[in-house]
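Visitor: The structure under discussion is supplied below as C-alpha cells; questions concerning it will follow.
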Amino acid sequence: MDKAYNSSFESQIYDQWLESGAFTPKVPAKPKEAKIKDNPYSIILPLPNANDPMHMGHALFTIQDILVRYHRMCGQPTLWLPGGDHAGIETQFVFEKRLAKEGKSRFDFDRQTLYKMIWDFVEDNRKLNQFQMKKLGFSMDWTRYHYSLEKPIVDNVLVTFKKLYQDGLVYRDEKIVNYCTFCGTAFSNLEVDHKTVNSHLWYFKYPVVGEKDRFVTVATTRPETMLGDTAVAVNPKDKRFTDLKGKKVLLPLADREIPIIFEDTIDIKFGTGAVKVTPSHSPEDYDMAKKHNLEFIRIFDYDGTSNQNVKNIYRGLFPNQLRQKVVDDLTTTGLMEKIEDYTHEVGHCYRCGRVIEPITAPQWYVKIDSLAKPAIEAAKTGQLKFFPTRFKKTYIDWMENIRDWNISRQIVWGPRIPAWYCLDCNPDIKLNFLDKNNNIVSDFYRNIKDKYSFEEINNGLQSLVAPTNAAFTIEKTDHCSKCKSTNLIQETDTFDTWFLSGQWPLSTLGFNTADPSKSSPDFDYFYPTTVMDTLWDILFFWVARMTMFGLYLTGDVPFKTVHLHSKVTDAKGQKMSKSKGNVVNPLDMTEKYGTDALRMSLVYGIAPASDFVVSEDKIRAQRNFVNKIWNSSRFVEMLIDRLNPKKITLDIDKSKLTSADKDILDKLNKIITSTTKNLETYHFGQASENLYQFFWHEFCDIYIENAKDRGEETIPVLLTVLITSLKLLHPFIPFVTETIYQNLQEKFNFKKELLISSSWPKNEN
RNA sequence: GAGUCUAUAGCUCAGUUGGUUAGAGCGCUUCGUUGACAUCGAAGAGGUCAGAGGUUCGAGUCCUCUUAGACUCACCA
C-alpha cells in the first residue's frame, strides 16, 4: 500500500461499482407480489437543473447516497433514480443573459429558433452535470436516468393536463397576476419575493361631482395607477363619507367620472379612510371591482409601458416615469395634499429582482382545492411523514391556504400548453410574430389576417394572447370543427416547470397516465418511493405539488417520508447561489482533498434542517481522518506481516480474549447498533461523529497501540474490527473504504466481493 | 401582519426519548515521537449551556416570559 491515501483510485473504483451492476436493482417478474416480501428501497433524485454546474447544494446529495448505500448493504433492492430538469424560466433566464452579452434578445427570434438554441445550450451542460455526480461517488442507477423533456415524459404530462381539464380542474381566467415585465411572464405567488421598500404615501384630492370645493382625499403608495382608477372606496361606517352615497368624483388627469363605493374591508384609520380603486393593477381592488361590478381599465401593457387607455401625454411610460409625471401634474394642478414617508412590502421578481407589476392577464389555472384536500389528509394521517416533523405543520398550513395555481408561463423554454385556437373563430387573438423580413408584428388577428398568410404568422410566431372567452380544443385537429378553417394555432404559453416536475416520480417510474394498468414494472415495484430528500426551500414548489399529483393520479403518495435537509451557506451564512457569486465548487474540493473528505465533512456534525457552513478547515480535518483510516489499515497489514502467522482468520475464539479484545468488541457492537439507529432516524451528523470517534480514538489510539505488543492471537479481532468499521464507514466515505477492503482481500486471500455489495454488520450480542 | 427556527469553549458547530465530572473540528499551551499516519500521540487551558422564572429527586435538554438574531409565508391602500 502507498504511504498516503491517493484519491486517484476513485474513478477506477466507480467504474467497478458500475460494472458490477450494484447501482441497478433488478425488478422481479411479478413486482406487485414481490414488493411486500422484498421491501425495496427507492429514492428519486431531486432533479438538478440541467444547465447548472455542480454546486455545494448538489454535493448534499451525499445524504441520499448514504441512505442508499446503507439500505443496499442491508440487502434491500435499492434504486436511486437520477435525472435532469429543463428548468423552464431558470434556464431561459440564464440563456437570455448570454444573448444579452451578444447584444441580442428573445425578441430577435421566433419561438422555434429560440427553443432550438436553448435546447443545444442545455445539451452541452447536461453531460457535464452527470459526470460531476459520478465524481462525487453517487451510486445512482444511470440506466434509469431521465431528462424532463424526453418525449414519453412530456407526453405523459400532457395527458395529465387533459385529464385535469376533463375533470373540470383547468380553467382560463383574466385575474390579477404577478407579472414581470422584464422576464415577460406571469409568476405564481411562490415566485414573488416580498421586499421592504422605503417609499411614500401620496395624498391627493379628487373633486366631488356636483359639489363645489368638495374633495375626497385618497392616500396611495402607487399614484401612477390613478389613471386606471374606476372607483373610490370608503367604509360604510365612516361618518365622514356617509353623505356621499350615490355621488361620483371626477378623476383628475383622466377627466372621467368614477363612483364612490362603500366597502367593509376599508380601514377607517388608515390614510384618509378613502381608497382609490384600480381593479386592473391591484389584487384587492380587483376583488372589490368584481364585487361591485366596476369597470376594468388596464393602463400598463405587458411590456411594462402605459397604453392607449391613458391620454397621449401619459402614454408609453414605465411605471416609475409615469409616477413622476402624475405626481408633478397633480402638484401643479394643486390637487396634491401631502406626501409622507412610508415603508411597505413590494413584490419583486424572484428571478431578475425587478418590481412585479400586478396586472390582469389571461392565464391558465388549476383548481387546487380538491387536489389539496387529500394531500392534507395524507400528512395528517401519517401516510406522508416529515422529517424533521415540524415541517408537517408548515406543509399543512400552506396547503390549507392554497390558491388556484397559475400554471402558464409566457416563455418559450418548456412544453407548450396543448390547446389550439381557431384564428378565424377568435379574431381578437393578439399575435406577436416576426414576418418574413424579420420585422416584429404585433396586432390582433382581425387586423392582419389579410396581410399575412397563416404560415408566415405561425412560422415567425413569438407569442399570442387569447382573450379568456376564446374557444379552444385540447386535441390537435386539421381544421376547426365549427368553421372548417385550417388556421389553428397552438397556445404559446408553456407550463410552469413545477407542473412537469410535480409528476416526476410518476413519469420516471413509468406510470402511464392514460392507462394506469399499462404502467411499467418499475412503477409497480418502487411506487410509492421510500424517501424524498430535498432542500426545504422547495417544499411548496415541488414536494407539495408531487404529493397532489401523486394522490390525484394514483391514489397514493409519491413517497412515504419527506426528509428535508439543511442548506449550504458560505462563511457569512449566505446561501450559495450563482447570482451572488459566492459559490464554492465542490469539485475543486474533491481535487484538493479527495471526494471522501468532502462527503464526510458535509455530514459530520450537522443537525437536521439547520444551515450548514462549508469551511475548508472542516474538509481538511476529514481528509486527515480518511488518511488515518488508510494508514491504520496499512499498519494492520504490516503488523500481520511482522507476526508472520501460520493462518490468517477472522474467526474469533471467545475463550481466548483479553480484556482489551473484549473492550473493543463491546464498543464495536455498540457502534454497530448506534450507527444503524442513527441512519434509520436520519441522524447522519451523529452517526459520522460517533464513527470518527470510535475508529480513531478507540480502535487506533487504544486497540492498535495495544496490539503492537501482542502475538498473532490479536489478528482475528484486529481484522474483524477493521473490516466491520470499513463497512460502517462505507456509506459516508465509499472510495477509501472500498479500496482498502479490496486490498485486504487480495493480501489475505479472503472471498472476493465489493464492499458496496457486502452485508451490513449486525450486533453480535 | 401570521408562523417557524436559532442563542452551548476564541471560531464553526454536535449533544436523538431530561440522568453520573457538557463534547468535536480548527485555533492555543506544554511534553513526547519522527520506523503506520499529509504527522501522530500524551497532558492541559478555555463554557454560571443568552437572561429571568417554573415543572422535577434531577434540565443544555420540558414549560412561560424577556432580549438578540435568522428564515418562511402574506393581495391591506
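Each chain of the C-alpha cells is named A, B, ... in the order shown, its residues numbered from 1; ligands are numbered from 1 in display order.
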Restrict the distance test to only C-alpha atoms (C1' of nucleotides), flag each residue of chain A within 6 Å of chain B, and return the flagged residues as a PyMOL selection string.
Guide: chain A and resi 220+275+283-284+605+628+631+635
Visitor: Could you pull out the residues in segment 630-729 of chain A that DSSP calls alpha helix (DSSP H) from the backbone, as a PyMOL selection string?
Guide: chain A and resi 630-643+659-680+684-692+705-707+715-729
Visitor: Choose the residue, out of A:Glu698, A:Glu712, A:Asp267, A:Asp524, that has the smallest atom-to-atom separation from Lys646 of chain A; count only C-alpha atoms.
Guide: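 With only C-alpha atoms as the atom set, the closest residue is A:Glu712.
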Visitor: Looking at only C-alpha atoms, which of A:Val249, A:Cys349, A:Ala607, A:Ile652 is the one that sits closest to Thr720 of chain A?
Guide: A:Ile652
Visitor: Work out how far atom CA of Ala186 of chain A is from atom CA of Ser408 of chain A, in Å to one decimal.
Guide: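 For atom CA of Ser408 of chain A relative to atom CA of Ala186 of chain A, the distance reads 7.5 Å.
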Visitor: Show me, as a list in words, the residues that have an atom within 12 Å of G53 of chain B when counting only C-alpha atoms (C1' of nucleotides), minus same-chain residues fewer than 4 positions from it.
Guide: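 Close residues of G53 of chain B: C63, U64, C65 and U66 of chain B.
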Visitor: Taking only segment 446-685 of chain A into account, list the residues labelled strand (DSSP E or B) by DSSP (computed from the backbone), as a PyMOL selection string.
Guide: chain A and resi 461-465+472-473+488-490+494-495+529-535+559-565+568-569+575+612-613
Visitor: Please provide as an mmCIF file with N, CA, C and O atoms, in the first residue's frame all residues within 9 Å of Gly57 of chain A, with the sequence filter that same-chain residues fewer than 4 positions apart are discarded (counting only C-alpha atoms (C1' of nucleotides)).
Guide:
data_model
loop_
_atom_site.group_PDB
_atom_site.id
_atom_site.type_symbol
_atom_site.label_atom_id
_atom_site.label_comp_id
_atom_site.auth_asym_id
_atom_site.auth_seq_id
_atom_site.Cartn_x
_atom_site.Cartn_y
_atom_site.Cartn_z
ATOM 1 N N PHE A 61 -26.377 15.804 -1.972
ATOM 2 C CA PHE A 61 -26.997 14.529 -2.372
ATOM 3 C C PHE A 61 -26.272 13.371 -1.681
ATOM 4 O O PHE A 61 -26.734 12.238 -1.695
ATOM 5 N N LEU A 535 -33.954 19.973 -0.270
ATOM 6 C CA LEU A 535 -33.847 21.228 0.457
ATOM 7 C C LEU A 535 -35.250 21.703 0.829
ATOM 8 O O LEU A 535 -36.157 21.621 0.021
ATOM 9 N N LYS A 567 -29.445 23.625 4.222
ATOM 10 C CA LYS A 567 -28.882 24.281 3.054
ATOM 11 C C LYS A 567 -27.438 24.659 3.327
ATOM 12 O O LYS A 567 -27.029 24.839 4.477
ATOM 13 N N VAL A 568 -26.687 24.755 2.276
ATOM 14 C CA VAL A 568 -25.276 25.086 2.401
ATOM 15 C C VAL A 568 -25.106 26.591 2.300
ATOM 16 O O VAL A 568 -25.674 27.229 1.423
ATOM 17 N N MET A 576 -25.523 29.895 -0.906
ATOM 18 C CA MET A 576 -24.702 29.962 -2.111
ATOM 19 C C MET A 576 -25.589 29.997 -3.344
ATOM 20 O O MET A 576 -26.508 29.201 -3.479
#
Visitor: Please provide the set of residues having any atom within 10 Å of Val326 of chain A, restricted to only C-alpha atoms (C1' of nucleotides), with same-chain residues fewer than 2 positions apart removed, written as a PyMOL selection string.
Guide: chain A and resi 223-227+252-253+314+320-324+328-332
Visitor: Next, write the just-selected residues to a file, as a JSON list (two decimals), in the first residue's frame, keeping C-alpha atoms as the atom set.
Guide:
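Generated file (result-v9.json):
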[["chain", "number", "residue", "atom", "x", "y", "z"],
["A", 223, "PRO", "CA", -50.03, 57.36, -7.57],
["A", 224, "GLU", "CA", -49.36, 56.40, -11.20],
["A", 225, "THR", "CA", -52.15, 53.84, -11.26],
["A", 226, "MET", "CA", -54.70, 56.56, -10.57],
["A", 227, "LEU", "CA", -55.14, 56.86, -14.32],
["A", 252, "PRO", "CA", -58.12, 64.23, -12.41],
["A", 253, "LEU", "CA", -55.72, 63.93, -15.37],
["A", 314, "TYR", "CA", -49.09, 59.75, -20.36],
["A", 320, "ASN", "CA", -41.67, 55.00, -12.33],
["A", 321, "GLN", "CA", -41.67, 57.53, -15.20],
["A", 322, "LEU", "CA", -45.43, 57.75, -15.14],
["A", 323, "ARG", "CA", -45.37, 58.14, -11.37],
["A", 324, "GLN", "CA", -43.14, 61.18, -11.64],
["A", 328, "ASP", "CA", -45.87, 66.56, -10.95],
["A", 329, "ASP", "CA", -49.16, 67.18, -12.68],
["A", 330, "LEU", "CA", -51.22, 66.66, -9.56],
["A", 331, "THR", "CA", -48.95, 69.06, -7.75],
["A", 332, "THR", "CA", -49.20, 71.79, -10.40]]
Visitor: For U67 of chain B, work out the shell of residues within 12 Å, counting only C-alpha atoms (C1' of nucleotides) and skipping chain neighbours fewer than 6 positions away, then give it as a ChimeraX atom specification.
Guide: /B:7,50-52
Visitor: Tell me, as a list in words, which residues lie within 12 Å of G19 of chain B, counting only C-alpha atoms (C1' of nucleotides); anything in the same chain fewer than 2 positions away does not count.
Guide: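 Contacts, in chain order: U56, C57, G58, A59 and U61 of chain B.
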Visitor: Which of these residues is nearest to Gln16 of chain A, using only C-alpha atoms: A:Thr681, A:Gln308, A:Ser139, A:Asn156?
Guide: A:Ser139
